[in-house]
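Dumped coords.txt below, it's compact mmCIF, C-alpha atoms:
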# COMPACT_ATOMS: atom_id res chain seq x y z
CA MET A 169 0.00 0.00 0.00
CA ALA A 170 1.33 3.35 0.97
CA THR A 171 4.92 4.39 1.27
CA THR A 172 4.06 6.63 4.22
CA ASP A 173 3.94 4.93 7.61
CA PRO A 174 0.21 4.60 8.36
CA SER A 175 0.69 5.06 12.10
CA THR A 176 2.39 8.42 11.54
CA THR A 177 -0.31 9.51 9.12
CA GLN A 178 -3.07 8.54 11.51
CA ILE A 179 -1.49 10.32 14.46
CA VAL A 180 -0.98 13.55 12.51
CA LEU A 181 -4.53 13.54 11.17
CA ASP A 182 -5.95 12.49 14.53
CA LEU A 183 -4.28 15.35 16.40
CA ALA A 184 -5.38 17.89 13.79
CA GLY A 185 -8.97 16.65 13.98
CA ILE A 186 -8.91 16.62 17.79
CA PHE A 187 -7.76 20.24 17.92
CA VAL A 188 -10.45 21.43 15.50
CA PHE A 189 -13.28 19.59 17.24
CA ALA A 190 -12.03 20.62 20.69
CA ILE A 191 -12.30 24.28 19.65
CA SER A 192 -15.92 23.77 18.58
CA GLY A 193 -16.73 21.99 21.85
CA ALA A 194 -15.11 24.70 23.92
CA LEU A 195 -17.08 27.41 22.09
CA VAL A 196 -20.33 25.63 22.90
CA ALA A 197 -19.30 25.49 26.56
CA VAL A 198 -18.45 29.19 26.65
CA ARG A 199 -21.81 30.09 25.14
CA LYS A 200 -23.52 27.93 27.74
CA GLY A 201 -21.78 29.97 30.45
CA LEU A 202 -19.76 27.04 31.82
CA ASP A 203 -16.69 27.58 33.98
CA VAL A 204 -13.15 26.76 32.90
CA PHE A 205 -13.53 23.12 33.97
CA GLY A 206 -16.71 22.78 31.92
CA VAL A 207 -15.00 24.33 28.92
CA LEU A 208 -12.10 21.89 29.15
CA VAL A 209 -14.44 18.92 29.63
CA LEU A 210 -16.51 19.77 26.57
CA ALA A 211 -13.35 20.45 24.56
CA GLY A 212 -11.95 17.06 25.53
CA THR A 213 -15.22 15.24 25.00
CA THR A 214 -15.70 16.71 21.55
CA GLY A 215 -12.14 16.14 20.46
CA LEU A 216 -11.68 12.66 21.91
CA GLY A 217 -15.20 11.21 22.12
CA GLY A 218 -15.36 9.75 18.62
CA GLY A 219 -11.96 8.11 18.96
CA PHE A 220 -12.89 6.64 22.34
CA LEU A 221 -16.06 5.13 20.90
CA ARG A 222 -14.17 3.73 17.92
CA ASP A 223 -11.39 2.19 19.99
CA VAL A 224 -13.81 0.57 22.45
CA LEU A 225 -15.95 -0.85 19.65
CA ILE A 226 -13.00 -2.34 17.76
CA ASP A 227 -11.35 -3.54 21.00
CA ALA A 228 -8.34 -1.25 20.62
CA THR A 229 -7.96 -0.84 24.36
CA PRO A 230 -6.87 1.12 26.20
CA PRO A 231 -7.97 3.86 23.78
CA ALA A 232 -5.25 5.82 21.99
CA ALA A 233 -6.00 8.93 24.06
CA LEU A 234 -4.98 7.05 27.19
CA GLN A 235 -1.72 5.75 25.70
CA ASP A 236 -0.30 8.89 24.10
CA TRP A 237 -0.02 12.11 26.15
CA ARG A 238 -0.38 14.22 23.00
CA TYR A 239 -4.00 13.13 22.63
CA LEU A 240 -4.81 14.67 26.01
CA LEU A 241 -2.62 17.74 25.61
CA VAL A 242 -4.15 18.91 22.32
CA PRO A 243 -7.77 19.33 23.57
CA LEU A 244 -6.44 20.86 26.79
CA LEU A 245 -4.57 23.50 24.79
CA ALA A 246 -7.53 24.05 22.47
CA GLY A 247 -9.93 24.48 25.39
CA THR A 248 -7.62 26.89 27.17
CA LEU A 249 -7.12 28.90 23.98
CA CYS A 250 -10.87 29.14 23.49
CA PHE A 251 -11.51 30.05 27.13
CA VAL A 252 -9.05 32.95 26.94
CA TYR A 253 -9.76 34.18 23.42
CA HIS A 254 -13.40 33.19 22.98
CA PRO A 255 -14.61 36.70 21.97
CA ALA A 256 -12.32 36.64 18.93
CA LEU A 257 -13.11 33.01 18.14
CA GLY A 258 -16.82 33.66 18.52
CA ARG A 259 -16.63 36.36 15.86
CA MET A 260 -15.04 33.77 13.57
CA GLU A 261 -18.16 31.58 13.63
CA ARG A 262 -18.03 30.87 9.91
CA SER A 263 -14.36 29.97 10.11
CA VAL A 264 -15.01 27.62 13.04
CA THR A 265 -17.79 25.95 11.05
CA VAL A 266 -15.39 25.44 8.17
CA LEU A 267 -12.79 24.01 10.55
CA ASP A 268 -15.42 21.67 11.95
CA ALA A 269 -16.02 20.37 8.43
CA PHE A 270 -12.30 19.69 8.07
CA GLY A 271 -12.32 17.92 11.42
CA LEU A 272 -15.15 15.73 10.16
CA GLY A 273 -13.08 14.83 7.11
CA LEU A 274 -9.96 14.10 9.13
CA PHE A 275 -11.75 11.82 11.57
CA CYS A 276 -13.62 9.84 8.93
CA VAL A 277 -10.21 9.02 7.44
CA THR A 278 -8.44 8.06 10.66
CA GLY A 279 -11.40 6.09 11.97
CA SER A 280 -11.64 4.02 8.81
CA LEU A 281 -7.92 3.38 8.57
CA LYS A 282 -7.62 2.26 12.18
CA ALA A 283 -10.64 -0.03 11.85
CA LEU A 284 -9.04 -1.64 8.80
CA ASP A 285 -5.78 -2.05 10.71
CA TYR A 286 -7.72 -4.00 13.36
CA GLY A 287 -9.11 -6.41 10.79
CA LEU A 288 -12.62 -5.08 10.23
CA GLY A 289 -14.28 -5.60 6.86
CA LEU A 290 -15.00 -2.80 4.42
CA ALA A 291 -18.54 -1.93 5.57
CA PRO A 292 -17.80 -2.09 9.33
CA ALA A 293 -14.65 -0.02 8.82
CA ALA A 294 -16.62 2.64 6.96
CA LEU A 295 -19.15 2.73 9.80
CA MET A 296 -16.33 3.14 12.31
CA GLY A 297 -15.04 6.06 10.27
CA MET A 298 -18.44 7.70 10.52
CA VAL A 299 -18.68 6.98 14.27
CA THR A 300 -15.25 8.52 14.82
CA ALA A 301 -16.28 11.63 12.90
CA ILE A 302 -19.66 12.27 14.53
CA GLY A 303 -19.23 10.68 17.97
CA GLY A 304 -17.54 13.61 19.70
CA GLY A 305 -20.08 16.12 18.40
CA MET A 306 -22.97 13.95 19.56
CA LEU A 307 -21.51 13.65 23.07
CA ARG A 308 -20.85 17.41 23.14
CA ASP A 309 -24.44 18.24 22.26
CA LEU A 310 -25.85 15.77 24.76
CA LEU A 311 -23.71 17.17 27.59
CA ALA A 312 -24.68 20.70 26.56
CA GLY A 313 -28.39 19.84 26.61
CA ARG A 314 -28.87 20.15 22.85
CA VAL A 315 -30.34 17.80 20.26
CA PRO A 316 -27.26 16.46 18.42
CA ALA A 317 -26.69 18.21 15.09
CA VAL A 318 -26.72 14.86 13.33
CA PHE A 319 -30.40 14.44 14.34
CA ARG A 320 -31.52 17.94 13.33
CA GLY A 321 -31.62 17.37 9.59
CA GLU A 322 -28.11 18.64 8.93
CA LEU A 323 -26.07 16.69 6.39
CA TYR A 324 -23.34 15.67 8.82
CA ALA A 325 -23.20 11.90 9.12
CA THR A 326 -23.81 11.28 5.41
CA PRO A 327 -20.68 13.12 4.19
CA ALA A 328 -18.66 11.35 6.89
CA LEU A 329 -19.94 7.95 5.78
CA ALA A 330 -19.27 8.76 2.13
CA GLY A 331 -15.72 9.84 2.89
CA SER A 332 -15.15 6.72 4.97
CA ALA A 333 -16.45 4.55 2.13
CA VAL A 334 -13.92 6.10 -0.25
CA VAL A 335 -11.11 5.47 2.22
CA VAL A 336 -11.91 1.78 2.69
CA ALA A 337 -12.46 1.29 -1.05
CA LEU A 338 -8.98 2.67 -1.82
CA ALA A 339 -7.14 1.30 1.21
CA HIS A 340 -5.81 -1.81 -0.55
CA THR A 341 -4.67 -0.04 -3.69
CA ASP A 342 -1.18 1.25 -4.45
CA LEU A 343 -2.13 4.79 -3.50
CA SER A 344 -0.30 6.40 -0.59
CA TYR A 345 -2.06 6.99 2.70
CA TRP A 346 -1.90 10.73 2.14
CA THR A 347 -3.57 10.38 -1.26
CA ILE A 348 -6.29 8.18 0.22
CA ALA A 349 -6.77 10.67 3.04
CA LEU A 350 -7.02 13.54 0.56
CA LEU A 351 -9.60 11.79 -1.61
CA GLY A 352 -11.78 10.41 1.19
CA GLY A 353 -11.46 13.33 3.55
CA GLY A 354 -11.78 15.80 0.68
CA LEU A 355 -15.10 14.29 -0.40
CA CYS A 356 -16.42 14.58 3.16
CA VAL A 357 -15.25 18.19 3.58
CA VAL A 358 -16.54 19.40 0.22
CA TRP A 359 -19.92 17.72 0.70
CA ARG A 360 -20.27 19.15 4.20
CA LEU A 361 -19.31 22.68 3.12
CA LEU A 362 -21.69 22.55 0.15
CA ALA A 363 -24.46 21.41 2.49
CA ILE A 364 -23.79 24.40 4.74
CA TRP A 365 -23.55 26.86 1.84
CA ARG A 366 -26.60 25.56 -0.03
CA HIS A 367 -28.60 24.77 3.16
CA TRP A 368 -29.07 21.14 2.18
CA GLN A 369 -31.03 19.14 4.72
CA ALA A 370 -31.79 15.49 5.25
CA PRO A 371 -35.48 14.56 4.84
CA VAL A 372 -37.57 15.02 7.97
CA PRO A 373 -41.13 13.83 8.69
CA THR A 374 -43.96 16.10 7.56
CA GLY A 375 -47.40 16.53 9.04
CA PRO A 376 -48.49 16.12 12.66
CA ALA A 377 -46.24 14.12 14.96
CA SER A 378 -49.12 12.35 16.76
CA VAL A 379 -50.40 9.08 15.35
Any chance you could give the structure as structure tokens?
Amino acid sequence: MATTDPSTTQIVLDLAGIFVFAISGALVAVRKGLDVFGVLVLAGTTGLGGGFLRDVLIDATPPAALQDWRYLLVPLLAGTLCFVYHPALGRMERSVTVLDAFGLGLFCVTGSLKALDYGLGLAPAALMGMVTAIGGGMLRDLLAGRVPAVFRGELYATPALAGSAVVVALAHTDLSYWTIALLGGGLCVVWRLLAIWRHWQAPVPTGPASV
């Protein structure tokens, strides 16, 4: 397969995705009026939650975040940065949304690749990529008392699953890991950004809710 060491690729992409998602989690905490501990908890949950879920489900225990100090340091730094500079970051709402889309793309790649490394088949590995990408955001919203974005009609999980599917489909080709990451993650990011720009929504029920 790739000439680039997959473990190095996965760590680099993982840490980048953790930082981006941790920023988004910390911003939610600040807007909820939480104290510094709450901000750091939501930052860590958002950045690490998807990876924790993935590692537990594929029996990669203890989870990577508990084996490598960098996985804990990155969300701590992101949360602290957001706590101190949240007025400036809050004014960059659109930029944070774009970064969140990139985080989604990064995590769908790393989740899929790690699941494949642990012997999962193509479909389960793609699902693990999606879980890695959306898991932290779901936990963030639940802790913040919000309906998770993935359940509100936003096209969030679908781009992640599509990107993961591309990754697992190309994983056993001669393409490098970075090329696979660019193609799979790029599809996820572009789809997510187009959905935001064009206000695309998943179908929701119509008519009265009572039956």
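Proximity ranking of A:Leu221, A:Val266, A:Ala211, A:Leu249 relative to Ala283 in chain A places A:Leu221 first, based on all atoms listed in the file.
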Gly313 in chain A surroundings by only C-alpha atoms, 12 Å radius, close-in-sequence under 4 positions cut, as a PyMOL selection string: chain A and resi 196-197+200+210+306-309+317
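If you measure from each of A:Leu257, A:Val335, A:Val180, A:Val198 to Leu281 in chain A using all atoms listed in the file, the closest one turns out to be A:Val335.
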Interatomic distance (Å, one decimal) between CA of Tyr324 in chain A and CA of Tyr286 in chain A: 25.5 Å
Distance criterion (only C-alpha atoms): nearest to Leu362 in chain A out of A:Cys276, A:Leu323, A:Val264, A:Ala337: A:Leu323
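Interatomic distance, CA of Arg320 in chain A to CA of Trp365 in chain A: 16.6 Å.
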